[in-house]
>>> print(open('model-v1.csv').read())   # CSV, C-alpha atoms
chain,number,residue,atom,x,y,z
O,662,MET,CA,27.8,16.3,-19.2
O,663,ILE,CA,26.8,12.7,-19.1
O,664,ASP,CA,28.7,9.7,-17.9
O,665,PRO,CA,30.4,8.0,-20.9
O,666,GLU,CA,29.0,4.5,-20.0
O,667,ALA,CA,25.5,5.9,-19.6
O,668,ARG,CA,25.9,7.6,-23.0
O,669,ALA,CA,27.0,4.4,-24.6
O,670,TYR,CA,24.0,2.6,-23.1
O,671,LEU,CA,21.6,5.2,-24.3
O,672,ASP,CA,23.1,5.1,-27.8
O,673,HIS,CA,22.8,1.4,-27.9
O,674,MET,CA,19.1,1.5,-26.9
O,675,ALA,CA,18.4,4.2,-29.4
O,676,SER,CA,19.9,2.0,-32.2
O,677,LEU,CA,17.4,-0.7,-31.5
O,678,GLY,CA,14.5,1.4,-32.5
O,679,LEU,CA,12.2,0.0,-29.9
O,680,PRO,CA,8.5,1.1,-29.8
O,681,THR,CA,7.4,3.4,-27.0
O,682,LEU,CA,5.9,1.9,-23.8
O,683,ALA,CA,2.4,2.9,-24.9
O,684,GLU,CA,2.9,1.1,-28.2
O,685,GLN,CA,4.4,-2.0,-26.4
O,686,GLY,CA,1.8,-2.3,-23.6
O,687,ALA,CA,2.4,-3.7,-20.2
O,688,VAL,CA,2.9,-7.4,-21.1
O,689,GLU,CA,5.4,-6.7,-23.9
O,690,ALA,CA,7.2,-4.1,-21.7
O,691,ARG,CA,7.6,-6.8,-19.0
O,692,ARG,CA,9.0,-9.3,-21.5
O,693,MET,CA,11.5,-6.8,-22.9
O,694,ASN,CA,12.5,-5.7,-19.4
O,695,SER,CA,13.1,-9.3,-18.3
O,696,LEU,CA,15.1,-10.1,-21.5
O,697,ARG,CA,17.5,-7.1,-20.9
O,698,ALA,CA,17.9,-7.7,-17.1
O,699,PRO,CA,20.8,-10.2,-17.2
O,700,SER,CA,23.0,-8.1,-19.4
O,701,LEU,CA,22.2,-5.0,-17.4
O,702,ALA,CA,23.0,-6.7,-14.1
O,703,GLY,CA,26.3,-8.0,-15.1
O,704,GLU,CA,28.2,-10.5,-12.9
O,705,LEU,CA,26.2,-11.4,-9.8
O,706,GLU,CA,27.7,-11.3,-6.4
O,707,ASP,CA,27.6,-14.4,-4.2
O,708,VAL,CA,25.5,-14.3,-1.1
O,709,ALA,CA,25.6,-17.1,1.6
O,710,LEU,CA,21.9,-17.7,1.6
O,711,ILE,CA,19.3,-17.0,-1.1
O,712,GLU,CA,15.8,-18.5,-0.7
O,713,ASP,CA,12.6,-18.0,-2.5
O,714,GLY,CA,9.2,-18.2,-0.7
O,715,ARG,CA,5.7,-16.8,-0.4
O,716,LEU,CA,4.0,-14.7,2.2
O,717,PRO,CA,0.3,-14.0,2.7
O,718,GLY,CA,-1.0,-10.8,1.1
O,719,PRO,CA,-4.3,-9.0,0.6
O,720,GLY,CA,-4.6,-10.3,-2.9
O,721,GLY,CA,-3.2,-13.7,-2.4
O,722,GLU,CA,0.3,-15.0,-1.8
O,723,ILE,CA,3.2,-12.6,-2.6
O,724,PRO,CA,6.4,-14.2,-3.9
O,725,PHE,CA,9.6,-13.0,-2.2
O,726,ARG,CA,13.3,-13.7,-2.2
O,727,LEU,CA,15.4,-13.6,0.9
O,728,TYR,CA,19.1,-12.9,1.0
O,729,SER,CA,21.4,-13.3,4.0
O,730,PRO,CA,25.2,-12.8,4.0
O,731,ALA,CA,25.5,-14.6,7.4
O,732,PRO,CA,22.7,-17.1,8.1
O,733,ASP,CA,24.3,-18.1,11.4
O,734,ARG,CA,23.9,-14.5,12.8
O,735,THR,CA,21.0,-12.2,13.7
O,736,LEU,CA,21.3,-9.2,11.3
O,737,PRO,CA,19.5,-6.0,10.6
O,738,ALA,CA,16.8,-6.3,7.9
O,739,LEU,CA,16.0,-4.4,4.7
O,740,LEU,CA,12.8,-4.7,2.7
O,741,TYR,CA,13.6,-3.9,-0.9
O,742,VAL,CA,10.8,-2.7,-3.2
O,743,HIS,CA,11.8,-2.8,-6.9
O,744,GLY,CA,11.2,-0.2,-9.5
O,745,GLY,CA,9.6,-0.5,-12.9
O,746,GLY,CA,6.9,2.2,-13.0
O,747,TRP,CA,4.6,0.0,-10.9
O,748,VAL,CA,4.1,-2.0,-14.2
O,749,TYR,CA,7.1,-4.2,-14.6
O,750,GLY,CA,10.1,-5.5,-12.6
O,751,ASP,CA,10.4,-8.6,-10.5
O,752,LEU,CA,12.6,-10.6,-8.2
O,753,ASP,CA,15.1,-11.3,-11.1
O,754,THR,CA,15.3,-7.8,-12.5
O,755,HIS,CA,16.7,-6.4,-9.2
O,756,ASP,CA,18.5,-9.5,-8.0
O,757,SER,CA,21.9,-7.8,-8.5
O,758,VAL,CA,20.9,-4.9,-6.3
O,759,CYS,CA,19.6,-7.0,-3.5
O,760,ARG,CA,22.7,-9.2,-3.5
O,761,ALA,CA,25.0,-6.2,-3.4
O,762,LEU,CA,23.1,-4.5,-0.5
O,763,ALA,CA,22.9,-7.8,1.5
O,764,ARG,CA,26.7,-8.2,1.2
O,765,ARG,CA,27.7,-4.5,1.6
O,766,ALA,CA,25.3,-3.5,4.3
O,767,GLU,CA,25.6,-6.9,6.1
O,768,CYS,CA,21.8,-7.2,6.4
O,769,VAL,CA,19.0,-9.6,5.6
O,770,VAL,CA,17.3,-8.4,2.5
O,771,LEU,CA,13.7,-9.3,1.7
O,772,ALA,CA,12.7,-8.5,-1.9
O,773,LEU,CA,9.0,-8.5,-2.8
O,774,ASP,CA,7.3,-9.5,-6.1
O,775,TYR,CA,4.3,-7.2,-5.4
O,776,ARG,CA,1.3,-7.0,-7.7
O,777,LEU,CA,1.7,-4.9,-10.8
O,778,ALA,CA,-0.5,-2.4,-12.7
O,779,PRO,CA,-2.6,-2.1,-14.8
O,780,GLU,CA,-4.0,-5.5,-13.9
O,781,ASN,CA,-3.7,-4.5,-10.2
O,782,PRO,CA,-3.8,-0.7,-10.0
O,783,TYR,CA,-3.3,1.5,-6.9
O,784,PRO,CA,-3.4,0.7,-4.0
O,785,ALA,CA,-2.5,-3.0,-4.7
O,786,ALA,CA,1.3,-2.3,-4.7
O,787,VAL,CA,1.0,-0.3,-1.5
O,788,GLU,CA,-1.0,-2.9,0.3
O,789,ASP,CA,1.4,-5.7,-0.8
O,790,ALA,CA,4.4,-3.8,0.3
O,791,TRP,CA,2.8,-3.1,3.7
O,792,ALA,CA,2.0,-6.8,4.1
O,793,GLY,CA,5.6,-7.6,3.2
O,794,LEU,CA,7.0,-5.2,5.8
O,795,ASN,CA,4.7,-6.5,8.5
O,796,TRP,CA,5.6,-10.1,7.6
O,797,LEU,CA,9.3,-9.3,7.8
O,798,HIS,CA,8.8,-7.7,11.3
O,799,ASP,CA,6.6,-10.5,12.6
O,800,HIS,CA,8.8,-13.3,11.2
O,801,ALA,CA,12.2,-11.7,11.8
O,802,ALA,CA,13.4,-14.5,14.1
O,803,ASP,CA,12.5,-17.0,11.4
O,804,VAL,CA,14.8,-15.3,8.8
O,805,GLY,CA,17.6,-14.4,11.1
O,806,ALA,CA,16.7,-10.7,11.4
O,807,ASP,CA,16.3,-8.2,14.3
O,808,PRO,CA,12.8,-6.9,14.4
O,809,ASP,CA,14.0,-3.6,16.0
O,810,ARG,CA,16.4,-2.8,13.1
O,811,ILE,CA,14.4,-2.8,9.9
O,812,ALA,CA,14.8,-0.4,7.0
O,813,VAL,CA,13.0,0.0,3.6
O,814,ALA,CA,14.6,0.8,0.3
O,815,GLY,CA,13.5,1.0,-3.3
O,816,ASP,CA,14.3,2.6,-6.7
O,817,SER,CA,11.9,4.8,-8.8
O,818,SER,CA,8.4,3.5,-8.2
O,819,GLY,CA,9.9,1.3,-5.5
O,820,GLY,CA,11.2,4.4,-3.9
O,821,ASN,CA,7.7,5.8,-4.0
O,822,LEU,CA,6.4,2.7,-2.2
O,823,SER,CA,9.2,2.8,0.3
O,824,ALA,CA,8.5,6.5,1.1
O,825,VAL,CA,4.8,5.6,1.6
O,826,LEU,CA,5.7,2.7,3.9
O,827,ALA,CA,7.8,5.0,6.0
O,828,GLN,CA,4.9,7.3,6.5
O,829,ARG,CA,2.5,4.5,7.2
O,830,SER,CA,4.8,2.9,9.7
O,831,ARG,CA,5.1,6.2,11.5
O,832,ASP,CA,1.4,6.7,11.6
O,833,ARG,CA,0.6,3.2,12.8
O,834,ASP,CA,3.7,2.9,15.0
O,835,VAL,CA,4.5,-0.7,14.0
O,836,PRO,CA,6.7,-1.8,12.4
O,837,LYS,CA,9.0,1.0,13.5
O,838,LEU,CA,11.6,1.7,10.9
O,839,ALA,CA,15.2,2.6,11.5
O,840,ALA,CA,15.9,4.1,8.0
O,841,GLN,CA,14.6,4.6,4.5
O,842,VAL,CA,16.7,4.6,1.2
O,843,LEU,CA,14.9,6.3,-1.7
O,844,ILE,CA,16.8,5.9,-5.0
O,845,TYR,CA,15.5,8.4,-7.6
O,846,PRO,CA,12.0,8.1,-6.1
O,847,VAL,CA,8.6,9.0,-7.6
O,848,THR,CA,7.3,11.4,-4.9
O,849,ASP,CA,4.7,13.5,-6.7
O,850,CYS,CA,2.2,13.6,-9.6
O,851,ASP,CA,3.5,16.9,-10.9
O,852,PHE,CA,4.8,16.6,-14.5
O,853,ASP,CA,5.8,20.3,-14.8
O,854,THR,CA,8.9,20.4,-12.6
O,855,PRO,CA,12.2,21.7,-13.8
O,856,SER,CA,13.6,18.2,-14.4
O,857,TYR,CA,10.5,17.1,-16.2
O,858,ARG,CA,11.2,20.0,-18.6
O,859,ASP,CA,15.0,19.7,-18.8
O,860,ALA,CA,15.1,15.8,-19.1
O,861,ALA,CA,11.8,15.2,-20.8
O,862,THR,CA,13.5,13.1,-23.6
O,863,GLY,CA,16.9,11.7,-24.5
O,864,TYR,CA,18.0,10.1,-21.2
O,865,GLY,CA,16.1,6.8,-21.1
O,866,LEU,CA,13.1,7.5,-18.9
O,867,THR,CA,11.0,10.2,-20.6
O,868,ARG,CA,8.2,12.4,-19.5
O,869,ASP,CA,5.8,10.5,-21.8
O,870,SER,CA,6.8,7.2,-20.2
O,871,MET,CA,6.1,8.6,-16.7
O,872,LEU,CA,2.7,9.8,-17.9
O,873,TRP,CA,2.0,6.3,-19.2
O,874,TYR,CA,3.2,4.7,-16.0
O,875,TRP,CA,0.9,6.9,-13.9
O,876,ASP,CA,-2.0,6.1,-16.2
O,877,GLN,CA,-1.5,2.4,-15.6
O,878,TYR,CA,-1.0,2.7,-11.9
O,879,LEU,CA,-3.6,5.3,-11.0
O,880,PRO,CA,-5.8,6.4,-13.9
O,881,ASP,CA,-8.0,8.5,-11.6
O,882,GLU,CA,-6.0,11.8,-11.6
O,883,ALA,CA,-8.0,13.2,-8.6
O,884,ARG,CA,-6.7,10.4,-6.4
O,885,ARG,CA,-3.0,10.9,-7.3
O,886,VAL,CA,-2.7,13.7,-4.7
O,887,SER,CA,-3.1,11.2,-1.9
O,888,PRO,CA,0.1,10.8,0.2
O,889,ASP,CA,-0.2,7.1,-0.4
O,890,ALA,CA,0.4,7.9,-4.1
O,891,SER,CA,2.4,11.2,-3.9
O,892,PRO,CA,4.2,11.1,-0.6
O,893,LEU,CA,5.5,14.7,-1.1
O,894,ARG,CA,1.9,15.8,-0.6
O,895,ALA,CA,1.7,14.5,3.0
O,896,PRO,CA,0.8,17.3,5.3
O,897,ASP,CA,3.3,16.3,8.0
O,898,LEU,CA,6.7,14.6,7.4
O,899,SER,CA,8.0,14.9,10.9
O,900,GLY,CA,8.9,11.8,12.9
O,901,LEU,CA,10.0,9.8,9.8
O,902,PRO,CA,13.1,7.6,9.9
O,903,PRO,CA,16.5,9.0,8.7
O,904,ALA,CA,16.6,9.0,4.9
O,905,LEU,CA,19.1,8.6,2.1
O,906,VAL,CA,17.8,10.1,-1.1
O,907,ILE,CA,19.7,9.6,-4.4
O,908,THR,CA,18.8,11.7,-7.4
O,909,CYS,CA,20.2,12.0,-10.9
O,910,LYS,CA,20.4,15.2,-12.9
O,911,LEU,CA,19.5,13.6,-16.2
O,912,ASP,CA,16.2,12.2,-14.9
O,913,PRO,CA,12.7,13.6,-15.1
O,914,LEU,CA,12.3,12.7,-11.4
O,915,ALA,CA,15.3,14.7,-10.1
O,916,SER,CA,13.2,17.7,-9.0
O,917,GLU,CA,10.7,15.7,-7.0
O,918,GLY,CA,13.4,13.6,-5.3
O,919,ALA,CA,15.3,16.7,-4.3
O,920,ALA,CA,12.0,18.4,-3.1
O,921,TYR,CA,11.2,15.4,-1.0
O,922,ALA,CA,14.7,15.4,0.6
O,923,GLU,CA,14.3,19.1,1.4
O,924,ALA,CA,10.8,18.6,2.8
O,925,LEU,CA,12.0,15.9,5.0
O,926,ARG,CA,14.9,18.0,6.2
O,927,SER,CA,12.6,21.0,6.9
O,928,ALA,CA,10.4,18.6,9.0
O,929,GLY,CA,13.3,17.8,11.2
O,930,VAL,CA,14.2,14.4,9.6
O,931,ARG,CA,17.8,13.5,9.3
O,932,VAL,CA,18.5,13.4,5.5
O,933,GLU,CA,21.5,12.6,3.3
O,934,HIS,CA,20.8,13.7,-0.3
O,935,LEU,CA,23.3,12.4,-2.9
O,936,HIS,CA,23.0,13.9,-6.4
O,937,GLU,CA,24.7,12.3,-9.4
O,938,PRO,CA,25.2,15.1,-11.9
O,939,ASP,CA,26.0,13.0,-14.9
O,940,MET,CA,23.8,10.0,-14.3
O,941,ILE,CA,20.5,8.7,-15.8
O,942,HIS,CA,17.5,7.1,-14.2
O,943,GLY,CA,17.6,3.3,-13.7
O,944,TYR,CA,21.4,2.9,-13.4
O,945,ILE,CA,21.2,1.2,-9.9
O,946,ARG,CA,20.6,-2.1,-11.6
O,947,MET,CA,22.8,-1.5,-14.6
O,948,ASN,CA,26.2,-2.6,-13.1
O,949,GLY,CA,26.8,-4.7,-16.3
O,950,VAL,CA,26.9,-1.5,-18.4
O,951,VAL,CA,27.2,1.4,-16.0
O,952,SER,CA,29.8,0.9,-13.3
O,953,ARG,CA,28.6,3.9,-11.2
O,954,ALA,CA,26.0,1.5,-9.8
O,955,ARG,CA,28.7,0.0,-7.6
O,956,LYS,CA,29.4,3.5,-6.0
O,957,SER,CA,25.7,3.9,-5.2
O,958,TRP,CA,25.5,0.4,-3.8
O,959,ASP,CA,28.4,1.4,-1.5
O,960,ASP,CA,26.7,4.7,-0.6
O,961,CYS,CA,23.5,2.9,0.3
O,962,ALA,CA,25.4,0.3,2.3
O,963,ARG,CA,27.4,2.9,4.2
O,964,PHE,CA,24.1,4.7,5.2
O,965,LEU,CA,22.4,1.5,6.2
O,966,ARG,CA,25.2,0.2,8.3
O,967,ARG,CA,25.3,3.5,10.1
O,968,GLU,CA,21.6,3.7,10.7
O,969,LEU,CA,21.1,0.0,11.5
O,970,THR,CA,23.9,-0.2,14.1
O,971,PRO,CA,22.4,-0.2,17.6
O,972,HIS,CA,22.8,3.2,19.2
O,973,VAL,CA,23.8,2.9,22.8
>>> encode(input="model-v1.csv", output="structure tokens")
Amino acid sequence: MIDPEARAYLDHMASLGLPTLAEQGAVEARRMNSLRAPSLAGELEDVALIEDGRLPGPGGEIPFRLYSPAPDRTLPALLYVHGGGWVYGDLDTHDSVCRALARRAECVVLALDYRLAPENPYPAAVEDAWAGLNWLHDHAADVGADPDRIAVAGDSSGGNLSAVLAQRSRDRDVPKLAAQVLIYPVTDCDFDTPSYRDAATGYGLTRDSMLWYWDQYLPDEARRVSPDASPLRAPDLSGLPPALVITCKLDPLASEGAAYAEALRSAGVRVEHLHEPDMIHGYIRMNGVVSRARKSWDDCARFLRRELTPHV
């Protein structure tokens, strides 16, 4: 079974007869992704304060967008790392998601426009995301945030980067994270999982697309097993912050997302794993065509409010 709205979206995309990602190339894929973003996002939710800025990064300044539902209060903070196969995606493509999380979770959201592959391959995105997280912690007072209540979140490749950030913050002890939200995350470089076989084609994201994304991001296959690229390969997952992991059955990444949730649980991490049995990859930013996005926004917000509330 597939959600009727997701089916209609896939049928529409199939009718366009678009070339494959490999045929498009990174620049054209970005252009097409940006063109589709407004119709996918649908009506945008109002947030009291939205500001664009730049923060220092290892490869130059990193553009960011800051969202606050209550600028007159000190709120928990969320670093949001967008998806797009490490190749495309920007502050506009995931604007609807960040607005929704800021409102629903009642937190300051910092969205990062990190460097993209193939022009900036691994580990550029990791290092930019790490710089963004540290900046948010160090400048929390400047943006109305509590430095002791920070979470990370991301979808797809952004979920990959968020999982890597959670591991790195544990290992370096600062910034200490209160939670991680991983939405259909990339967690491993194994393309022979059950979901890669069962959902290889026909549901938007394909196995071939993922192979292409990995080739852009990290062409050296031997390096893909690093936990900074494949967080499921980390030898020790204990001591990580509580996690919400969302997976979709009709998604090549479903198996590795579920495997990461189970590995975290086995390591003693508190995990909530939500599986959407009739949903496709990418829907979190498709509120304009797939209304299930709103349910997952609410699921993320509920988890974040719980984990970011001070525990006495």
>>> residues_near_point(input="model-v1.csv", point="(19.9, -23.5, 1.0)", cutoff="12 Å", atoms="only C-alpha atoms", output="list in words")
Val708, Ala709, Leu710, Ile711, Glu712, Asp713, Leu727, Tyr728, Ser729 and Pro732 of chain O
>>> residues_around(input="model-v1.csv", residues="O:Pro903", least_positions_apart="2", cutoff="12 Å", atoms="all atoms listed in the file", output="ChimeraX atom specification")
/O:812-814,824,827-828,837-843,898-901,905-906,922,925-926,928-934,964-965,967-969
>>> atom_distance(input="model-v1.csv", atom1="atom CA of O:Leu739", atom2="atom CA of O:Val770")
4.7 Å
>>> closest_atom_pairs(input="model-v1.csv", of="stretch 759-854 of chain O", to="stretch 881-890 of chain O", cutoff="12 Å", atoms="all atoms listed in the file", output="tab-separated table")
residue	atom	partner	partner_atom	distance
O:Pro782	CA	O:Asp881	CA	10.2
O:Tyr783	CA	O:Ala890	CA	7.9
O:Pro784	CA	O:Asp889	CA	8.0
O:Ala785	CA	O:Asp889	CA	11.2
O:Ala786	CA	O:Ala890	CA	10.3
O:Val787	CA	O:Asp889	CA	7.6
O:Glu788	CA	O:Asp889	CA	10.1
O:Ala790	CA	O:Asp889	CA	11.9
O:Trp791	CA	O:Asp889	CA	11.4
O:Ser818	CA	O:Ala890	CA	10.0
O:Gly819	CA	O:Ala890	CA	11.7
O:Gly820	CA	O:Ala890	CA	11.4
O:Asn821	CA	O:Ala890	CA	7.6
O:Leu822	CA	O:Asp889	CA	8.1
O:Ser823	CA	O:Asp889	CA	10.4
O:Ala824	CA	O:Asp889	CA	8.8
O:Val825	CA	O:Asp889	CA	5.6
O:Leu826	CA	O:Asp889	CA	8.5
O:Ala827	CA	O:Asp889	CA	10.5
O:Gln828	CA	O:Asp889	CA	8.6
O:Arg829	CA	O:Asp889	CA	8.5
O:Pro846	CA	O:Ala890	CA	11.8
O:Val847	CA	O:Ala890	CA	9.0
O:Thr848	CA	O:Ala890	CA	7.8
O:Asp849	CA	O:Ala890	CA	7.5
O:Cys850	CA	O:Arg885	CA	6.3
O:Asp851	CA	O:Val886	CA	9.3
>>> closest_residue(input="model-v1.csv", among="O:Tyr874, O:His800, O:Ile663, O:Gly865", to="O:Leu679", atoms="all atoms listed in the file")
O:Gly865
>>> closest_residue(input="model-v1.csv", among="O:Asp664, O:Asp807, O:Glu917, O:Asp832", to="O:Phe852", atoms="only C-alpha atoms")
O:Glu917
>>> closest_residue(input="model-v1.csv", among="O:Ala669, O:Leu872, O:Cys909, O:Leu794", to="O:Asp816", atoms="only C-alpha atoms")
O:Cys909
>>> atom_distance(input="model-v1.csv", atom1="atom CA of O:Ile941", atom2="atom CA of O:Ala954")
10.9 Å
>>> atom_distance(input="model-v1.csv", atom1="atom CA of O:Ile723", atom2="atom CA of O:Ala792")
8.9 Å
>>> closest_residue(input="model-v1.csv", among="O:Leu752, O:Leu671, O:Ala801, O:Ala860", to="O:Tyr944", atoms="only C-alpha atoms")
O:Leu671
>>> closest_residue(input="model-v1.csv", among="O:His755, O:His743, O:Arg868, O:Arg953", to="O:Arg776", atoms="all atoms listed in the file")
O:His743
>>> closest_residue(input="model-v1.csv", among="O:Ala778, O:Leu705, O:Met940, O:Leu893", to="O:Asp756", atoms="only C-alpha atoms")
O:Leu705
>>> residues_around(input="model-v1.csv", residues="O:Glu706", least_positions_apart="3", cutoff="8 Å", atoms="all atoms listed in the file", output="list of chain:residue names")
O:Ser757, O:Arg760, O:Ala761
>>> residues_around(input="model-v1.csv", residues="O:Tyr670", least_positions_apart="3", cutoff="8 Å", atoms="all atoms listed in the file", output="PyMOL selection string")
chain O and resi 666-667+673-674+950-951
